[in-house]
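Student: Input structure: start.cif, which contains mmCIF, C-alpha atoms and all ligand atoms.
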```cif
data_input
loop_
_atom_site.label_atom_id
_atom_site.label_comp_id
_atom_site.auth_asym_id
_atom_site.auth_seq_id
_atom_site.Cartn_x
_atom_site.Cartn_y
_atom_site.Cartn_z
CA MET M 1 168.71 115.58 188.47
CA ILE M 2 165.83 113.09 188.35
CA VAL M 3 165.85 110.98 191.52
CA THR M 4 163.79 108.13 192.87
CA THR M 5 160.71 109.07 194.81
CA ARG M 6 161.63 106.51 197.43
CA GLU M 7 164.92 108.20 198.23
CA LEU M 8 163.19 111.55 198.55
CA PHE M 9 160.69 110.03 200.97
CA ASP M 10 163.40 108.38 203.08
CA ILE M 11 165.07 111.74 203.61
CA ALA M 12 161.87 113.73 204.03
CA TYR M 13 159.84 111.50 206.36
CA GLY M 14 158.84 113.32 209.54
CA ARG M 15 160.95 116.39 208.71
CA PHE M 16 159.43 118.01 205.64
CA ALA M 17 156.91 117.23 202.93
CA VAL M 18 157.82 117.06 199.27
CA GLY M 19 155.52 119.28 197.19
CA ALA M 20 154.04 117.42 194.22
CA TYR M 21 152.75 119.72 191.48
CA ASN M 22 150.88 118.88 188.27
CA ILE M 23 152.15 120.34 185.05
CA ASN M 24 150.60 120.44 181.59
CA ASN M 25 152.77 122.89 179.67
CA MET M 26 156.07 124.76 179.32
CA GLU M 27 154.99 127.77 181.38
CA GLN M 28 154.10 125.65 184.41
CA ALA M 29 157.35 123.69 184.07
CA LEU M 30 159.54 126.81 183.93
CA GLY M 31 157.74 128.46 186.87
CA LEU M 32 158.00 125.23 188.86
CA PHE M 33 161.74 124.79 188.30
CA GLU M 34 162.49 128.48 188.85
CA GLY M 35 160.50 128.52 192.10
CA HIS M 36 162.27 125.45 193.44
CA GLU M 37 165.67 126.81 192.47
CA ARG M 38 164.94 129.95 194.48
CA ALA M 39 163.59 127.87 197.37
CA GLU M 40 166.48 125.37 197.20
CA ALA M 41 163.88 122.62 197.63
CA PRO M 42 163.45 119.16 196.10
CA PHE M 43 160.09 118.48 194.44
CA ILE M 44 157.92 116.03 192.51
CA VAL M 45 156.58 116.80 189.04
CA GLN M 46 153.22 115.11 188.54
CA LEU M 47 151.82 114.17 185.15
CA SER M 48 148.18 113.17 185.10
CA LYS M 49 146.45 111.13 182.44
CA GLY M 50 144.70 114.37 181.44
CA ALA M 51 148.04 116.18 181.05
CA ARG M 52 149.46 113.31 179.00
CA GLY M 53 146.43 113.52 176.71
CA TYR M 54 146.59 117.33 176.50
CA ALA M 55 150.27 117.95 175.76
CA GLY M 56 151.25 114.46 174.61
CA VAL M 57 153.49 112.02 176.46
CA ARG M 58 156.61 112.81 174.40
CA MET M 59 156.10 116.57 174.65
CA LEU M 60 155.89 116.42 178.45
CA GLU M 61 159.06 114.33 178.58
CA ALA M 62 160.83 116.79 176.29
CA ILE M 63 159.70 119.77 178.37
CA LEU M 64 161.02 118.14 181.54
CA LYS M 65 164.32 117.15 179.94
CA ALA M 66 164.80 120.70 178.70
CA ALA M 67 163.91 122.11 182.13
CA GLU M 68 166.40 119.74 183.72
CA GLU M 69 169.13 121.07 181.43
CA SER M 70 168.20 124.67 182.16
CA TYR M 71 168.11 124.02 185.92
CA PRO M 72 171.05 121.67 186.57
CA GLU M 73 170.74 122.13 190.35
CA ALA M 74 167.14 120.86 190.44
CA VAL M 75 166.50 117.66 192.41
CA PHE M 76 163.14 116.18 191.43
CA ALA M 77 161.16 113.01 190.81
CA VAL M 78 158.71 112.40 187.95
CA HIS M 79 155.41 110.86 189.02
CA LEU M 80 152.29 109.59 187.26
CA ASP M 81 149.29 111.07 189.10
CA HIS M 82 146.03 109.08 189.45
CA GLY M 83 146.92 106.35 186.98
CA ASP M 84 144.80 103.41 185.91
CA GLU M 85 146.60 100.10 185.39
CA GLU M 86 147.18 100.58 181.68
CA THR M 87 148.64 104.07 182.12
CA CYS M 88 150.84 102.85 184.99
CA TYR M 89 152.34 100.15 182.77
CA ASP M 90 152.92 102.65 179.98
CA ALA M 91 154.70 105.01 182.39
CA ILE M 92 156.77 102.21 183.94
CA ASP M 93 157.81 100.87 180.53
CA SER M 94 158.82 104.35 179.32
CA GLY M 95 161.72 104.40 181.78
CA PHE M 96 161.06 108.10 182.44
CA TYR M 97 159.05 107.96 185.66
CA SER M 98 160.40 107.70 189.22
CA SER M 99 157.03 106.56 190.55
CA VAL M 100 153.45 105.88 189.54
CA MET M 101 150.14 106.14 191.33
CA ILE M 102 147.66 103.36 190.81
CA ASP M 103 144.31 104.74 191.83
CA ALA M 104 141.88 101.89 192.32
CA SER M 105 140.37 103.49 195.42
CA HIS M 106 136.89 103.40 193.86
CA ASP M 107 137.10 99.56 193.68
CA PRO M 108 136.37 97.20 196.58
CA PHE M 109 139.31 96.58 198.97
CA GLU M 110 140.33 93.19 197.52
CA GLU M 111 140.31 94.49 193.94
CA ASN M 112 142.27 97.58 194.97
CA VAL M 113 144.88 95.33 196.63
CA ALA M 114 145.07 93.04 193.58
CA ALA M 115 145.49 95.88 191.06
CA THR M 116 148.10 97.60 193.26
CA ARG M 117 149.96 94.31 193.72
CA ARG M 118 150.16 93.80 189.94
CA VAL M 119 151.50 97.33 189.39
CA VAL M 120 153.98 96.95 192.29
CA GLU M 121 155.43 93.77 190.76
CA ARG M 122 155.98 95.40 187.41
CA ALA M 123 157.23 98.70 188.87
CA HIS M 124 159.63 97.29 191.44
CA ALA M 125 161.28 95.10 188.81
CA VAL M 126 162.62 98.31 187.23
CA GLY M 127 163.13 100.44 190.36
CA VAL M 128 159.93 102.49 190.06
CA SER M 129 157.99 103.06 193.28
CA VAL M 130 154.23 102.90 193.67
CA GLU M 131 151.68 105.10 195.40
CA ALA M 132 148.24 103.62 195.98
CA GLU M 133 145.06 105.12 197.42
CA LEU M 134 142.71 103.83 200.06
CA GLY M 135 139.51 105.61 201.03
CA MET M 136 137.75 108.12 198.83
CA LEU M 137 138.34 111.83 198.57
CA GLY M 138 135.43 114.05 197.53
CA GLY M 139 135.64 116.18 194.38
CA VAL M 140 136.71 115.40 190.84
CA GLU M 141 139.80 113.48 189.79
CA GLU M 142 140.45 112.56 186.19
CA ASP M 143 137.06 111.47 184.84
CA ILE M 144 135.68 110.16 188.12
CA GLN M 145 133.47 112.35 190.27
CA VAL M 146 132.99 111.48 193.94
CA ASP M 147 130.36 113.56 195.66
CA GLU M 148 130.74 114.46 199.33
CA LYS M 149 128.28 111.91 200.64
CA HIS M 150 130.20 109.09 198.97
CA ALA M 151 133.60 110.36 200.11
CA GLN M 152 135.01 108.04 202.74
CA LEU M 153 137.85 108.60 205.17
CA THR M 154 140.61 105.96 205.16
CA ASP M 155 140.12 103.28 207.81
CA PRO M 156 143.43 102.94 209.75
CA GLU M 157 143.08 99.20 210.28
CA GLU M 158 142.40 98.69 206.57
CA ALA M 159 145.34 100.92 205.71
CA GLU M 160 147.70 98.68 207.66
CA ALA M 161 146.35 95.54 205.96
CA PHE M 162 146.38 97.24 202.56
CA VAL M 163 150.04 98.24 202.74
CA GLU M 164 151.08 94.79 203.89
CA GLN M 165 149.08 92.97 201.21
CA SER M 166 149.77 95.29 198.28
CA GLY M 167 153.46 96.07 198.83
CA CYS M 168 152.96 99.72 197.86
CA ASP M 169 155.62 102.31 198.79
CA ALA M 170 153.34 105.20 199.74
CA LEU M 171 149.66 105.54 200.51
CA ALA M 172 147.27 108.32 199.57
CA VAL M 173 144.86 108.66 202.45
CA ALA M 174 141.44 110.28 202.58
CA ILE M 175 141.62 112.53 205.64
CA GLY M 176 139.02 115.17 204.85
CA THR M 177 140.53 116.96 201.85
CA SER M 178 139.10 116.79 198.34
CA HIS M 179 140.20 117.78 194.85
CA GLY M 180 139.32 121.13 193.34
CA ALA M 181 138.45 124.53 194.76
CA TYR M 182 135.55 123.61 197.04
CA LYS M 183 136.92 121.51 199.87
CA PHE M 184 135.59 122.75 203.17
CA SER M 185 132.65 124.67 204.48
CA GLY M 186 132.26 126.05 208.00
CA GLY M 187 134.77 124.62 210.47
CA GLN M 188 135.72 121.52 208.45
CA GLY M 189 139.38 120.68 207.92
CA ILE M 190 141.97 117.90 207.97
CA HIS M 191 141.07 115.00 210.28
CA PHE M 192 144.33 114.92 212.24
CA ASP M 193 143.07 112.23 214.60
CA ARG M 194 142.73 109.95 211.57
CA VAL M 195 146.25 110.70 210.35
CA GLU M 196 147.61 110.03 213.83
CA GLU M 197 145.92 106.65 214.01
CA ILE M 198 147.15 105.69 210.52
CA GLN M 199 150.71 106.65 211.48
CA ARG M 200 150.46 104.64 214.70
CA ARG M 201 149.66 101.56 212.61
CA LEU M 202 152.15 102.38 209.85
CA PRO M 203 155.13 103.99 211.57
CA GLY M 204 157.72 105.35 209.14
CA PHE M 205 155.49 104.72 206.12
CA PRO M 206 155.03 107.73 203.79
CA LEU M 207 151.49 109.08 203.57
CA VAL M 208 150.29 111.26 200.72
CA MET M 209 147.82 114.11 201.05
CA HIS M 210 145.87 114.76 197.88
CA GLY M 211 143.63 117.77 197.50
CA SER M 212 146.10 120.01 199.34
CA SER M 213 145.49 123.32 197.57
CA SER M 214 144.72 126.19 199.90
CA VAL M 215 142.42 128.12 197.49
CA PRO M 216 143.42 131.55 198.86
CA ARG M 217 140.42 133.82 199.35
CA GLU M 218 142.31 136.76 197.86
CA GLU M 219 143.01 134.77 194.69
CA VAL M 220 139.33 133.89 194.28
CA GLU M 221 138.33 137.52 194.88
CA ARG M 222 140.82 138.82 192.29
CA ILE M 223 139.62 136.26 189.72
CA ASN M 224 136.00 137.27 190.30
CA ALA M 225 136.87 141.00 190.20
CA ALA M 226 138.41 140.36 186.76
CA GLY M 227 135.30 138.68 185.34
CA GLY M 228 135.48 135.19 186.88
CA ALA M 229 132.51 133.45 188.44
CA LEU M 230 133.98 131.24 191.15
CA ASP M 231 131.87 130.51 194.21
CA PRO M 232 133.24 132.94 196.82
CA SER M 233 132.80 130.28 199.53
CA ALA M 234 135.63 128.24 197.90
CA LYS M 235 137.99 127.11 200.64
CA GLY M 236 141.01 124.83 200.87
CA VAL M 237 143.67 123.56 203.24
CA ASP M 238 145.23 126.08 205.62
CA VAL M 239 148.94 126.15 204.64
CA GLU M 240 149.88 126.44 208.31
CA GLU M 241 148.50 122.92 208.80
CA PHE M 242 151.26 121.33 206.67
CA ALA M 243 153.65 121.76 209.60
CA ARG M 244 151.26 119.75 211.78
CA ALA M 245 150.83 117.00 209.16
CA VAL M 246 154.56 116.47 208.46
CA PRO M 247 155.49 114.87 211.83
CA LEU M 248 152.48 112.56 211.38
CA GLY M 249 154.02 111.01 208.27
CA VAL M 250 152.52 113.17 205.52
CA THR M 251 155.53 113.13 203.19
CA LYS M 252 154.03 114.08 199.80
CA VAL M 253 151.57 116.94 199.37
CA ASN M 254 149.69 117.22 196.07
CA ILE M 255 148.87 120.68 194.74
CA ASP M 256 147.27 121.48 191.41
CA THR M 257 144.21 123.71 191.83
CA ASP M 258 146.18 126.60 193.40
CA GLY M 259 148.45 126.75 190.34
CA ARG M 260 145.40 126.87 188.09
CA LEU M 261 144.07 129.77 190.15
CA VAL M 262 147.35 131.67 189.69
CA TRP M 263 147.08 131.11 185.93
CA THR M 264 143.44 132.24 185.83
CA ARG M 265 144.05 135.35 187.95
CA VAL M 266 147.07 136.47 185.90
CA HIS M 267 145.35 135.98 182.54
CA ARG M 268 141.99 137.43 183.55
CA GLU M 269 143.62 140.53 185.03
CA HIS M 270 145.94 140.93 182.05
CA PHE M 271 143.20 140.86 179.44
CA ARG M 272 140.90 143.02 181.57
CA ASP M 273 143.63 145.65 181.87
CA HIS M 274 144.92 145.30 178.29
CA PRO M 275 141.85 144.55 176.16
CA GLU M 276 143.73 145.57 173.02
CA ASN M 277 146.40 142.86 173.55
CA PHE M 278 146.45 139.54 171.74
CA ASP M 279 150.05 138.51 172.44
CA PHE M 280 149.95 135.69 174.99
CA ARG M 281 153.63 136.08 175.88
CA GLY M 282 153.01 139.13 178.09
CA PRO M 283 150.70 137.35 180.54
CA GLY M 284 152.72 134.15 180.07
CA LYS M 285 155.81 135.87 181.47
CA VAL M 286 153.84 137.29 184.38
CA PHE M 287 152.39 133.84 185.08
CA MET M 288 155.81 132.17 185.19
CA GLU M 289 157.08 134.75 187.68
CA GLU M 290 153.95 134.55 189.82
CA TYR M 291 154.01 130.75 189.74
CA ALA M 292 157.69 130.71 190.80
CA ARG M 293 156.84 132.98 193.75
CA PHE M 294 153.90 130.78 194.65
CA ILE M 295 156.16 127.68 194.65
CA GLU M 296 158.74 129.38 196.85
CA HIS M 297 156.02 130.24 199.38
CA LYS M 298 154.62 126.68 199.39
CA SER M 299 158.11 125.23 199.91
CA GLU M 300 158.48 127.34 203.03
CA LYS M 301 155.18 126.05 204.40
CA LEU M 302 156.05 122.44 203.52
CA ARG M 303 159.38 122.91 205.33
CA SER M 304 161.29 121.79 202.24
CA LYS M 305 162.87 125.22 201.70
CA GLY M 306 166.66 125.17 201.91
CA VAL M 307 167.13 121.39 202.16
CA VAL M 308 168.24 120.62 198.61
CA ASP M 309 171.99 120.45 199.31
CA GLU M 310 171.43 118.05 202.15
CA VAL M 311 169.15 115.92 199.97
CA ARG M 312 171.69 115.84 197.15
CA ALA M 313 174.43 114.77 199.55
CA ALA M 314 172.29 111.93 200.92
CA LEU M 315 171.36 110.48 197.51
CA THR M 316 172.98 107.31 196.30
CA PRO M 317 175.47 108.25 193.59
CA VAL M 318 174.63 106.73 190.22
CA PRO M 319 177.56 104.48 189.17
CA VAL M 320 179.45 105.73 186.12
CA ASP M 321 180.40 103.02 183.61
O1 LIG A 1 143.85 115.18 191.03
C1 LIG A 1 143.90 115.54 189.87
C2 LIG A 1 144.82 116.62 189.45
O2 LIG A 1 144.36 117.86 189.89
C3 LIG A 1 145.05 116.55 187.96
O3 LIG A 1 143.96 117.09 187.28
O4 LIG A 1 143.32 115.19 185.80
O5 LIG A 1 142.58 117.53 185.30
O6 LIG A 1 144.98 116.85 185.00
P1 LIG A 1 143.70 116.63 185.74
P1 LIG A 2 144.10 120.05 194.52
O1 LIG A 2 142.88 120.01 193.66
O2 LIG A 2 143.76 120.40 195.94
O3 LIG A 2 145.16 120.92 194.01
O4 LIG A 2 144.70 118.56 194.59
C1 LIG A 2 145.56 118.08 193.59
C2 LIG A 2 145.81 116.63 193.67
O5 LIG A 2 145.51 115.96 194.64
C3 LIG A 2 146.49 116.00 192.51
O6 LIG A 2 146.60 114.63 192.65
ZN ZN A 3 144.92 113.72 193.64
#
```
For the structure just supplied, provide its representation as structure tokens.

Tutor:
Amino acid sequence: MIVTTRELFDIAYGRFAVGAYNINNMEQALGLFEGHERAEAPFIVQLSKGARGYAGVRMLEAILKAAEESYPEAVFAVHLDHGDEETCYDAIDSGFYSSVMIDASHDPFEENVAATRRVVERAHAVGVSVEAELGMLGGVEEDIQVDEKHAQLTDPEEAEAFVEQSGCDALAVAIGTSHGAYKFSGGQGIHFDRVEEIQRRLPGFPLVMHGSSSVPREEVERINAAGGALDPSAKGVDVEEFARAVPLGVTKVNIDTDGRLVWTRVHREHFRDHPENFDFRGPGKVFMEEYARFIEHKSEKLRSKGVVDEVRAALTPVPVD
């Protein structure tokens, strides 16, 4: 069942975070739905501009519709990740998306507000909700690279003004995380004091944490032992910290890199151990199972495990004509 992102947030706020995962293909979709069925957790499927270009907009829609049929108990929202204005309008007009993200965080404050406002007007007219971003995460997103010295934590006072002026429904905040596998070095981590101050100014307003992959050390080591060349210092968000972020209003947690690491580990190990093989379905099956297990584990850490019946019961029934 595809639901509105807003309804999911209303139920989740302060209690659990909804995991938002990027998909690009059938294998990721099947692992994602299987994992959430086992976890009995609601979730958000994220489609990036890159994914839309890779698989094709119609193909992604078809994959999700087929997954929905195969997993009739699934409760999920469909979200455009890191959209520009044009892609937001395309997603809104398609009628397939529950929510869109307009990412104008690289623009000056006033321009970010104006672009978000325009998207909000068009989205709200058809019941689509809007995530915006304020502040700048380090790392790479879509085709924009932000290096660490230009990354900028979200200013709480600006966040309050931004939400009021833009009318957005959720805000992606820069609180120390970054996209990709190399987030932290030494004792760095999430700036909880910043999240606390943002929540104080925006009580009850859903915050989104991008760059939330944990980049498990063991995963990096296995990839490198199977021929990979990832920097062994790669480090991400400690999954135990989700429980601390949830009561502070972090309601959506974006995870992509960790899924890519699962894919890379499974395929590297498979072809190392079976160099004679050229049938991709063997490792594909292993990947789907490993990805489902990974999703189940994340749901537990996000505290969304086991809540799906309650969520379904709280949703507004769609009128039947
Ligand atoms: O934040 C970006 C997500 O990880 C999506 O990555 O743009 O390469 O699909 P992508
Ligand atoms: P990661 O690179 O940490 O998985 O972040 C993904 C993300 O924020 C997608 O929007
Ligand atoms: Zn992101």

Student: Would you mind listing what lies within 12 Å of segment 110-112 of chain M as a PyMOL selection string, with only C-alpha atoms counted and same-chain residues fewer than 6 positions away left out?

Tutor: chain M and resi 84-85+102-104+118-119+132-135+158-159+161-163+165-168

Student: Could you save the residues just selected, with C-alpha atoms, as a short mmCIF file (atom, residue, chain, number, x, y, z; two decimals), in the coordinates of the input?

Tutor:
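This went into out18.cif:
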```cif
data_model
loop_
_atom_site.label_atom_id
_atom_site.label_comp_id
_atom_site.auth_asym_id
_atom_site.auth_seq_id
_atom_site.Cartn_x
_atom_site.Cartn_y
_atom_site.Cartn_z
CA ASP M 84 144.80 103.41 185.91
CA GLU M 85 146.60 100.10 185.39
CA ILE M 102 147.66 103.36 190.81
CA ASP M 103 144.31 104.74 191.83
CA ALA M 104 141.88 101.89 192.32
CA ARG M 118 150.16 93.80 189.94
CA VAL M 119 151.50 97.33 189.39
CA ALA M 132 148.24 103.62 195.98
CA GLU M 133 145.06 105.12 197.42
CA LEU M 134 142.71 103.83 200.06
CA GLY M 135 139.51 105.61 201.03
CA GLU M 158 142.40 98.69 206.57
CA ALA M 159 145.34 100.92 205.71
CA ALA M 161 146.35 95.54 205.96
CA PHE M 162 146.38 97.24 202.56
CA VAL M 163 150.04 98.24 202.74
CA GLN M 165 149.08 92.97 201.21
CA SER M 166 149.77 95.29 198.28
CA GLY M 167 153.46 96.07 198.83
CA CYS M 168 152.96 99.72 197.86
#
```

Student: Return as a ChimeraX atom specification every polymer residue, whether protein, DNA or RNA, with at least one atom no more than 9 Å from an atom of ligand ZN 3 (chain A); count all atoms listed in the file.

Tutor: /M:81-82,137,140-142,172,178-179,209-212,254-256

Student: One number please: atom CA of Phe242 of chain M to atom CA of Met26 of chain M, in Å, one decimal.

Tutor: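 Atom CA of Met26 of chain M lies at a distance of 28.0 Å from atom CA of Phe242 of chain M.
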
Student: If we count only C-alpha atoms, what is near segment 298-314 of chain M at a cut-off of 7 Å, once residues fewer than 3 positions away on the same chain are taken out, given as a list of chain:residue names?

Tutor: M:Ile11, M:Phe16, M:Ala17, M:Val18, M:Ala39, M:Glu40, M:Ala41, M:Pro42, M:Val239, M:Glu240, M:Phe242, M:Ala243, M:Phe294, M:Ile295

Student: Take the residues that were just selected and, keeping C-alpha atoms, output them as a PDB file, in the frame of the given file.

Tutor:
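The new file selection.pdb reads:
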```pdb
ATOM      1  CA  ILE M  11     165.070 111.740 203.610  1.00  0.00           C
ATOM      2  CA  PHE M  16     159.430 118.010 205.640  1.00  0.00           C
ATOM      3  CA  ALA M  17     156.910 117.230 202.930  1.00  0.00           C
ATOM      4  CA  VAL M  18     157.820 117.060 199.270  1.00  0.00           C
ATOM      5  CA  ALA M  39     163.590 127.870 197.370  1.00  0.00           C
ATOM      6  CA  GLU M  40     166.480 125.370 197.200  1.00  0.00           C
ATOM      7  CA  ALA M  41     163.880 122.620 197.630  1.00  0.00           C
ATOM      8  CA  PRO M  42     163.450 119.160 196.100  1.00  0.00           C
ATOM      9  CA  VAL M 239     148.940 126.150 204.640  1.00  0.00           C
ATOM     10  CA  GLU M 240     149.880 126.440 208.310  1.00  0.00           C
ATOM     11  CA  PHE M 242     151.260 121.330 206.670  1.00  0.00           C
ATOM     12  CA  ALA M 243     153.650 121.760 209.600  1.00  0.00           C
ATOM     13  CA  PHE M 294     153.900 130.780 194.650  1.00  0.00           C
ATOM     14  CA  ILE M 295     156.160 127.680 194.650  1.00  0.00           C
TER      15      ILE M 295
END
```

Student: Determine, counting all atoms listed in the file, which protein, DNA and RNA residues have an atom within 10 Å of an atom of Ile223 of chain M; residues of the same chain fewer than 3 positions away are not included. Present the result as a list in words.

Tutor: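 Contacts, with the query itself left out: Arg217, Glu218, Glu219, Val220, Ala226, Gly227, Gly228, Ala229, Leu230, Leu261, Val262, Trp263, Thr264, Arg265, Val266, His267, Arg268 and Glu269 of chain M.
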
Student: My list of candidates is M:Ile2, M:Ala77, M:Ala181, M:Leu248. Which is closest to ligand LIG 2 (chain A) when distances are computed with only C-alpha atoms and all ligand atoms?

Tutor: M:Ala181

Student: Work out how far atom CA of Ala20 of chain M is from atom O1 of ligand LIG 2 (chain A), in Å to one decimal.

Tutor: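 Taking atom O1 of ligand LIG 2 (chain A) and atom CA of Ala20 of chain M, their separation equals 11.5 Å.
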
Student: Return the padded bounding box of ligand LIG 2 (chain A) as lines of an AutoDock Vina configuration file: axis-aligned, built from all atoms listed in the file, 6 Å added on each side, with centre and edge lengths in Å to one decimal.

Tutor:
```
center_x = 144.7
center_y = 117.8
center_z = 194.2
size_x = 15.7
size_y = 18.3
size_z = 15.4
```

Student: Which residues are close to Glu37 of chain M, i.e. within 9 Å by all atoms listed in the file, leaving aside same-chain residues fewer than 4 positions away? Reply as number ranges by chain.

Tutor: M: 32-33, 41-42, 71, 73-74, 296

Student: Give me the residues near Val126 of chain M as a list in words, where near means some atom within 12 Å (using only C-alpha atoms) and where sequence neighbours in that chain fewer than 6 positions away do not count.

Tutor: Thr4, Tyr89, Ala91, Ile92, Asp93, Ser94, Gly95, Phe96, Tyr97, Ser98, Ser99, Val119 and Val120 of chain M

Student: Just how far from atom C2 of ligand LIG 2 (chain A) is atom CA of Asp90 of chain M, in Å to one decimal?

Tutor: 20.8 Å

Student: So which one's closest to Val215 of chain M, M:Phe287, M:Phe76, M:Phe184, M:Tyr54? Using only C-alpha atoms, please.

Tutor: M:Phe184

Student: Would you please work out which residue, of M:Gly176, M:Gly259, M:Pro247, M:Gly127, is nearest to ligand LIG 1 (chain A) when using only C-alpha atoms and all ligand atoms?

Tutor: M:Gly259

Student: Using all atoms listed in the file, which of M:Leu202, M:Val195, M:Met59, M:Ala51 sits nearest ligand LIG 1 (chain A)?

Tutor: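 Result for the nearest residue to ligand LIG 1 (chain A): M:Ala51.
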
Student: Can you work out which one of M:Leu153, M:Ala225, M:Ala62, M:Leu80 has the shortest atom-to-atom distance to ligand LIG 2 (chain A), counting only C-alpha atoms and all ligand atoms?

Tutor: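 Smallest distance to ligand LIG 2 (chain A) is found for M:Leu80.
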
Student: Which is closer to ligand LIG 1 (chain A) than all the others in M:Arg244, M:His297, M:Arg260, M:Arg117, using only C-alpha atoms and all ligand atoms?

Tutor: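 When distances to ligand LIG 1 (chain A) are compared using only C-alpha atoms and all ligand atoms, the smallest one comes from M:Arg260.
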
Student: Can you give me all heavy atoms for segment 45-51 of chain M, written as a PDB file, keeping the file's coordinate frame?

Tutor:
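New file part17.pdb:
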```
ATOM      1  N   VAL M  45     157.385 116.319 190.164  1.00  0.00           N
ATOM      2  CA  VAL M  45     156.580 116.800 189.040  1.00  0.00           C
ATOM      3  C   VAL M  45     155.541 115.714 188.770  1.00  0.00           C
ATOM      4  O   VAL M  45     155.892 114.552 188.563  1.00  0.00           O
ATOM      5  CB  VAL M  45     157.426 116.974 187.764  1.00  0.00           C
ATOM      6  CG1 VAL M  45     156.560 117.529 186.638  1.00  0.00           C
ATOM      7  CG2 VAL M  45     158.616 117.866 188.008  1.00  0.00           C
ATOM      8  N   GLN M  46     154.274 116.092 188.765  1.00  0.00           N
ATOM      9  CA  GLN M  46     153.220 115.110 188.540  1.00  0.00           C
ATOM     10  C   GLN M  46     152.632 115.278 187.146  1.00  0.00           C
ATOM     11  O   GLN M  46     152.309 116.394 186.733  1.00  0.00           O
ATOM     12  CB  GLN M  46     152.078 115.309 189.534  1.00  0.00           C
ATOM     13  CG  GLN M  46     152.504 115.285 190.968  1.00  0.00           C
ATOM     14  CD  GLN M  46     151.408 114.781 191.861  1.00  0.00           C
ATOM     15  OE1 GLN M  46     151.571 113.714 192.451  1.00  0.00           O
ATOM     16  NE2 GLN M  46     150.318 115.484 191.963  1.00  0.00           N
ATOM     17  N   LEU M  47     152.470 114.157 186.459  1.00  0.00           N
ATOM     18  CA  LEU M  47     151.820 114.170 185.150  1.00  0.00           C
ATOM     19  C   LEU M  47     150.567 113.314 185.267  1.00  0.00           C
ATOM     20  O   LEU M  47     150.637 112.131 185.626  1.00  0.00           O
ATOM     21  CB  LEU M  47     152.778 113.588 184.098  1.00  0.00           C
ATOM     22  CG  LEU M  47     154.164 114.272 184.036  1.00  0.00           C
ATOM     23  CD1 LEU M  47     155.089 113.553 183.066  1.00  0.00           C
ATOM     24  CD2 LEU M  47     154.032 115.748 183.657  1.00  0.00           C
ATOM     25  N   SER M  48     149.436 113.920 185.008  1.00  0.00           N
ATOM     26  CA  SER M  48     148.180 113.170 185.100  1.00  0.00           C
ATOM     27  C   SER M  48     147.862 112.575 183.722  1.00  0.00           C
ATOM     28  O   SER M  48     148.464 112.959 182.709  1.00  0.00           O
ATOM     29  CB  SER M  48     147.034 114.097 185.526  1.00  0.00           C
ATOM     30  OG  SER M  48     146.731 114.999 184.463  1.00  0.00           O
ATOM     31  N   LYS M  49     146.890 111.693 183.713  1.00  0.00           N
ATOM     32  CA  LYS M  49     146.450 111.130 182.440  1.00  0.00           C
ATOM     33  C   LYS M  49     145.920 112.266 181.539  1.00  0.00           C
ATOM     34  O   LYS M  49     146.166 112.297 180.329  1.00  0.00           O
ATOM     35  CB  LYS M  49     145.334 110.111 182.725  1.00  0.00           C
ATOM     36  CG  LYS M  49     145.061 109.171 181.604  1.00  0.00           C
ATOM     37  CD  LYS M  49     144.019 108.152 182.034  1.00  0.00           C
ATOM     38  CE  LYS M  49     143.439 107.484 180.810  1.00  0.00           C
ATOM     39  NZ  LYS M  49     142.301 106.609 181.145  1.00  0.00           N
ATOM     40  N   GLY M  50     145.228 113.219 182.180  1.00  0.00           N
ATOM     41  CA  GLY M  50     144.700 114.370 181.440  1.00  0.00           C
ATOM     42  C   GLY M  50     145.824 115.184 180.809  1.00  0.00           C
ATOM     43  O   GLY M  50     145.734 115.621 179.658  1.00  0.00           O
ATOM     44  N   ALA M  51     146.903 115.397 181.566  1.00  0.00           N
ATOM     45  CA  ALA M  51     148.040 116.180 181.050  1.00  0.00           C
ATOM     46  C   ALA M  51     148.705 115.433 179.901  1.00  0.00           C
ATOM     47  O   ALA M  51     149.097 116.037 178.895  1.00  0.00           O
ATOM     48  CB  ALA M  51     149.043 116.420 182.171  1.00  0.00           C
TER      49      ALA M  51
END
```
